[in-house]
Amino acid sequence: MSANPDLLLLNGREIDPSAPAVSPLDRGFHFGDGLFETIACVRRKPRFLSLHLERLVSGCARLHIDLGAVNVIRDEVRHAAAATDVSLIKVMVTRGPAVARGYAWSGRETATRVLLRYAWPQEDTAAQREGVGVRVSAMRLGENPALAGMKHLNRLEQVIARSAVPGADAAELLLFSSSGQLICGTMSNVFVERAGRLITPRVDRCGVAGVMRRVVLREAARAGIAVEEGTVSEADLDATREIFLTNARIGVWPVRSVGARTLRAGVLTQQVQSSIAPLLENPVDA
């Protein structure tokens with residue numbers, strides 16, 4: 001996937017991606033003091049836009065960032081999505097340029113809002129049917145309930161984990177926490193089968209509460225599939241018969257292998273894929 005967006009908005013104003021104008025004093029640049037959303041857009045419409053914005057609003061409230069009128073962001077995303085058949089839109093909100101030195105904010109900052117639109121990456125369509133190979137990362141996520149669930153800009157743990165293993169060796173890496181619980185992938189949430197039920201790790205101590213994770217929890221329950229948030233140990237991972245991954249772009253990826261261990265896309269995975277497929281192909285707002 002190209003690193004170059006084909007559209008870049010800074011506080012609603014289109015600028016040249018090769019010469020961005022974010023202030024060098026921006027606290028997002030200095031401290032990772034902000035949040036982001038990655039929104040998949042299909043048929044010129046953003047998928048689950050209201051859920052993305054709800055998470056963004058919640059995260060800004062937790063960090064005491066003045067987001068401003070959320071409908072401005074909603075309109076920018078819709079307008080950007082309508083210009084091309086498929087795209088990925090990334091929205092970043094930071095606390096804005098610092099008005100005083102130091103870690104603490106003053107309360108006088110003005111938030112910075114950035115929208116980037118990327119071409120949809122070339123997909124391996126077989127991944128949806130046959131699954132992907134994953135490995136367990138040596139990296140362990142630190143636990144901090146104050147940041148848990150948010151999609152904040154501090155992604156260094158994921159950077160280190162992903163950089164250690166080439167993409168050709170594993171489509172995704174599974175991450176355990178410092179206390180030994182499975183949490184997520186570097187870019188995805190995880191669901192595992194346990195005793196005929198689907199379990200997704202809780203993200204109340206670390207990890208991101210993904211939008212697609214939320215959709216799968218909702219739609220699986222509506223379809224009568226037993227699903228819940230819980231703890232997943234290394235032994236649980238070793239014993240499970242089914243694993244799948246979720247995020248806004250991929251929807252659901254079955255896992256065909258964890259290291260040397262082979263799995264298959266089982267009944268529960270297939271049922272979930274069938275349940276959410278109409279929502280992915282004909283995007284809905286919530």
# chains A, B, ... in the order shown; residues from 1 in each chain; ligands from 1
$ residues_around --residues "segment 31-37 of chain A" --least-positions-apart "6" --cutoff "8 Å" --atoms "only C-alpha atoms" --output "ChimeraX atom specification"
/A:52,56,59-60,65,90-95,103,150-154
$ select_by_dssp --residues "segment 116-259 of chain A" --states "strand (DSSP E)" --output "PyMOL selection string"
chain A and resi 116-119+132-141+172-177+182-185+189-194+197-201+227-230+243-247+251-258
$ residues_around --residues "Val77 of chain A" --least-positions-apart "6" --cutoff "8 Å" --atoms "only C-alpha atoms" --output "PyMOL selection string"
chain A and resi 46+89+115
$ closest_residue --among "A:Phe191, A:Phe176, A:Tyr118, A:Trp253" --to "Cys206 of chain A" --atoms "only C-alpha atoms"
A:Phe176
$ select_by_dssp --residues "segment 5-168 of chain A" --states "alpha helix (DSSP H)" --output "number ranges by chain"
A: 27-31, 49-63, 70-81, 126-130, 156-164
$ write_last_selection --atoms "N, CA and C atoms" --output "compact mmCIF listing (two decimals), in the first residue's frame"
# COMPACT_ATOMS: atom_id res chain seq x y z
N ARG A 27 1.28 18.89 19.62
CA ARG A 27 1.49 17.91 20.68
C ARG A 27 1.32 16.47 20.18
N GLY A 28 0.62 16.29 19.08
CA GLY A 28 0.57 14.96 18.47
C GLY A 28 1.94 14.53 18.00
N PHE A 29 2.70 15.47 17.45
CA PHE A 29 4.05 15.19 16.98
C PHE A 29 5.01 14.98 18.15
N HIS A 30 4.88 15.77 19.20
CA HIS A 30 5.79 15.69 20.33
C HIS A 30 5.50 14.51 21.26
N PHE A 31 4.21 14.27 21.53
CA PHE A 31 3.85 13.33 22.59
C PHE A 31 2.89 12.22 22.14
N LEU A 49 -19.64 4.74 9.86
CA LEU A 49 -19.09 6.05 10.20
C LEU A 49 -19.52 6.51 11.58
N SER A 50 -20.77 6.30 11.94
CA SER A 50 -21.25 6.74 13.25
C SER A 50 -20.51 6.04 14.39
N LEU A 51 -20.17 4.76 14.19
CA LEU A 51 -19.44 4.04 15.23
C LEU A 51 -18.01 4.57 15.36
N HIS A 52 -17.39 4.87 14.23
CA HIS A 52 -16.05 5.46 14.27
C HIS A 52 -16.08 6.81 14.99
N LEU A 53 -17.05 7.63 14.65
CA LEU A 53 -17.11 8.96 15.27
C LEU A 53 -17.47 8.87 16.74
N GLU A 54 -18.30 7.91 17.09
CA GLU A 54 -18.64 7.71 18.50
C GLU A 54 -17.39 7.37 19.31
N ARG A 55 -16.54 6.50 18.75
CA ARG A 55 -15.31 6.15 19.45
C ARG A 55 -14.37 7.36 19.53
N LEU A 56 -14.30 8.13 18.44
CA LEU A 56 -13.44 9.31 18.43
C LEU A 56 -13.89 10.33 19.47
N VAL A 57 -15.19 10.57 19.53
CA VAL A 57 -15.74 11.51 20.51
C VAL A 57 -15.45 11.03 21.93
N SER A 58 -15.65 9.73 22.17
CA SER A 58 -15.40 9.17 23.50
C SER A 58 -13.93 9.31 23.89
N GLY A 59 -13.03 9.01 22.94
CA GLY A 59 -11.61 9.12 23.23
C GLY A 59 -11.20 10.55 23.51
N CYS A 60 -11.72 11.49 22.73
CA CYS A 60 -11.41 12.90 22.97
C CYS A 60 -11.92 13.35 24.34
N ALA A 61 -13.07 12.87 24.73
CA ALA A 61 -13.60 13.23 26.05
C ALA A 61 -12.70 12.68 27.15
N ARG A 62 -12.23 11.44 26.98
CA ARG A 62 -11.34 10.85 27.99
C ARG A 62 -10.01 11.59 28.09
N LEU A 63 -9.53 12.10 26.95
CA LEU A 63 -8.25 12.82 26.94
C LEU A 63 -8.42 14.33 27.13
N VAL A 70 -18.63 17.54 15.76
CA VAL A 70 -18.35 16.25 15.11
C VAL A 70 -18.97 16.17 13.73
N ASN A 71 -20.04 16.92 13.48
CA ASN A 71 -20.66 16.89 12.16
C ASN A 71 -19.75 17.45 11.08
N VAL A 72 -18.80 18.30 11.45
CA VAL A 72 -17.82 18.79 10.49
C VAL A 72 -16.97 17.62 9.98
N ILE A 73 -16.54 16.79 10.89
CA ILE A 73 -15.75 15.62 10.50
C ILE A 73 -16.60 14.66 9.69
N ARG A 74 -17.83 14.45 10.12
CA ARG A 74 -18.73 13.55 9.39
C ARG A 74 -18.86 14.00 7.93
N ASP A 75 -19.06 15.30 7.73
CA ASP A 75 -19.23 15.82 6.37
C ASP A 75 -17.95 15.69 5.56
N GLU A 76 -16.80 15.93 6.19
CA GLU A 76 -15.53 15.80 5.48
C GLU A 76 -15.29 14.37 5.03
N VAL A 77 -15.58 13.41 5.90
CA VAL A 77 -15.38 12.00 5.54
C VAL A 77 -16.32 11.60 4.41
N ARG A 78 -17.57 11.97 4.52
CA ARG A 78 -18.53 11.61 3.47
C ARG A 78 -18.14 12.22 2.13
N HIS A 79 -17.72 13.47 2.15
CA HIS A 79 -17.34 14.14 0.91
C HIS A 79 -16.11 13.47 0.30
N ALA A 80 -15.12 13.15 1.12
CA ALA A 80 -13.91 12.51 0.61
C ALA A 80 -14.22 11.12 0.07
N ALA A 81 -15.10 10.38 0.74
CA ALA A 81 -15.44 9.02 0.30
C ALA A 81 -16.20 9.04 -1.02
N ALA A 126 -8.08 -14.55 -1.46
CA ALA A 126 -8.09 -15.88 -0.85
C ALA A 126 -8.07 -15.81 0.67
N ALA A 127 -7.62 -14.68 1.21
CA ALA A 127 -7.55 -14.56 2.67
C ALA A 127 -8.92 -14.69 3.31
N GLN A 128 -9.96 -14.19 2.65
CA GLN A 128 -11.30 -14.27 3.20
C GLN A 128 -11.83 -15.71 3.22
N ARG A 129 -11.40 -16.51 2.24
CA ARG A 129 -11.89 -17.88 2.13
C ARG A 129 -10.99 -18.87 2.87
N GLU A 130 -9.70 -18.77 2.63
CA GLU A 130 -8.76 -19.78 3.11
C GLU A 130 -8.07 -19.39 4.40
N LEU A 156 3.88 2.63 19.25
CA LEU A 156 5.25 2.10 19.18
C LEU A 156 5.32 0.61 19.49
N GLU A 157 4.45 0.12 20.35
CA GLU A 157 4.46 -1.32 20.63
C GLU A 157 4.15 -2.10 19.35
N GLN A 158 3.16 -1.62 18.60
CA GLN A 158 2.80 -2.29 17.35
C GLN A 158 3.91 -2.13 16.30
N VAL A 159 4.55 -0.97 16.29
CA VAL A 159 5.66 -0.75 15.35
C VAL A 159 6.79 -1.74 15.61
N ILE A 160 7.16 -1.89 16.87
CA ILE A 160 8.25 -2.80 17.21
C ILE A 160 7.88 -4.25 16.89
N ALA A 161 6.64 -4.63 17.25
CA ALA A 161 6.20 -6.01 17.00
C ALA A 161 6.18 -6.32 15.51
N ARG A 162 5.58 -5.43 14.72
CA ARG A 162 5.46 -5.70 13.29
C ARG A 162 6.80 -5.66 12.59
N SER A 163 7.70 -4.80 13.06
CA SER A 163 9.01 -4.67 12.42
C SER A 163 9.88 -5.90 12.64
N ALA A 164 9.58 -6.68 13.66
CA ALA A 164 10.41 -7.84 13.98
C ALA A 164 10.15 -9.04 13.07
$ residues_around --residues "Ser87 of chain A" --least-positions-apart "2" --cutoff "6 Å" --atoms "only C-alpha atoms" --output "list in words"
Cys41, Tyr118, Ala119 and Trp120 of chain A
$ closest_residue --among "A:Glu109, A:Glu123, A:Asp285, A:Asp26" --to "Ile39 of chain A" --atoms "only C-alpha atoms"
A:Asp285
$ atom_distance --atom1 "atom CA of Val114 of chain A" --atom2 "atom CA of Leu8 of chain A"
7.2 Å
$ residues_around --residues "Met187 of chain A" --least-positions-apart "4" --cutoff "9 Å" --atoms "only C-alpha atoms" --output "list of chain:residue names"
A:Gln158, A:Glu172, A:Leu173, A:Thr246, A:Asn247
$ write_last_selection --atoms "N, CA and C atoms" --output "CSV table (one decimal), in the first residue's frame"
chain,number,residue,atom,x,y,z
A,158,GLN,N,3.2,-1.6,18.6
A,158,GLN,CA,2.8,-2.3,17.4
A,158,GLN,C,3.9,-2.1,16.3
A,172,GLU,N,-0.2,-11.4,10.2
A,172,GLU,CA,-0.5,-10.6,11.4
A,172,GLU,C,0.2,-11.3,12.6
A,173,LEU,N,0.4,-10.5,13.6
A,173,LEU,CA,1.1,-11.0,14.8
A,173,LEU,C,0.1,-10.9,16.0
A,246,THR,N,-10.3,-9.4,13.0
A,246,THR,CA,-11.2,-8.3,12.5
A,246,THR,C,-10.5,-7.0,12.5
A,247,ASN,N,-10.8,-6.2,11.5
A,247,ASN,CA,-10.6,-4.7,11.5
A,247,ASN,C,-11.4,-4.1,10.5
$ closest_residue --among "A:Leu25, A:Ala226, A:Leu237, A:Ala69" --to "Arg101 of chain A" --atoms "only C-alpha atoms"
A:Leu25
$ residues_around --residues "Leu217 of chain A" --least-positions-apart "5" --cutoff "10 Å" --atoms "only C-alpha atoms" --output "list in words"
Phe191, Leu198, Ile199, Thr200, Val211, Met212, Arg222, Ile225, Ala226, Val227, Glu228, Glu229 and Val272 of chain A
$ atom_distance --atom1 "atom CA of Thr231 of chain A" --atom2 "atom CA of Gln273 of chain A"
23.0 Å
$ residues_around --residues "segment 257-270 of chain A" --least-positions-apart "3" --cutoff "8 Å" --atoms "only C-alpha atoms" --output "list in words"
Arg129, Glu130, Gly131, Val132, Gly133, Val134, Arg135, Val136, Glu193, Leu198, Ile225, Arg241, Glu242, Ile243, Phe244, Pro254, Gln273 and Ser274 of chain A
$ write_last_selection --atoms "C-alpha atoms" --output "PDB file, in the first residue's frame"
ATOM      1  CA  ARG A 129     -11.892 -17.882   2.131  1.00  0.00           C
ATOM      2  CA  GLU A 130      -8.761 -19.780   3.109  1.00  0.00           C
ATOM      3  CA  GLY A 131      -7.486 -17.661   5.971  1.00  0.00           C
ATOM      4  CA  VAL A 132      -4.105 -16.211   6.841  1.00  0.00           C
ATOM      5  CA  GLY A 133      -1.045 -17.360   8.704  1.00  0.00           C
ATOM      6  CA  VAL A 134      -0.189 -15.580  11.956  1.00  0.00           C
ATOM      7  CA  ARG A 135       2.516 -15.809  14.585  1.00  0.00           C
ATOM      8  CA  VAL A 136       2.698 -14.882  18.245  1.00  0.00           C
ATOM      9  CA  GLU A 193     -13.639 -20.493  19.789  1.00  0.00           C
ATOM     10  CA  LEU A 198     -16.815 -17.114  20.520  1.00  0.00           C
ATOM     11  CA  ILE A 225     -24.172 -17.119  17.995  1.00  0.00           C
ATOM     12  CA  ARG A 241     -10.284 -24.889  17.023  1.00  0.00           C
ATOM     13  CA  GLU A 242     -11.122 -21.574  15.347  1.00  0.00           C
ATOM     14  CA  ILE A 243      -9.580 -18.116  15.314  1.00  0.00           C
ATOM     15  CA  PHE A 244     -10.458 -15.102  13.237  1.00  0.00           C
ATOM     16  CA  PRO A 254     -10.017 -16.634   9.264  1.00  0.00           C
ATOM     17  CA  GLN A 273     -18.700 -13.842   7.822  1.00  0.00           C
ATOM     18  CA  SER A 274     -22.168 -14.468   6.414  1.00  0.00           C
TER      19      SER A 274
END
$ atom_distance --atom1 "atom CA of Ser18 of chain A" --atom2 "atom CA of Pro5 of chain A"
9.6 Å
$ closest_residue --among "A:Val203, A:Leu116, A:Gly96, A:Thr110" --to "Glu143 of chain A" --atoms "only C-alpha atoms"
A:Val203
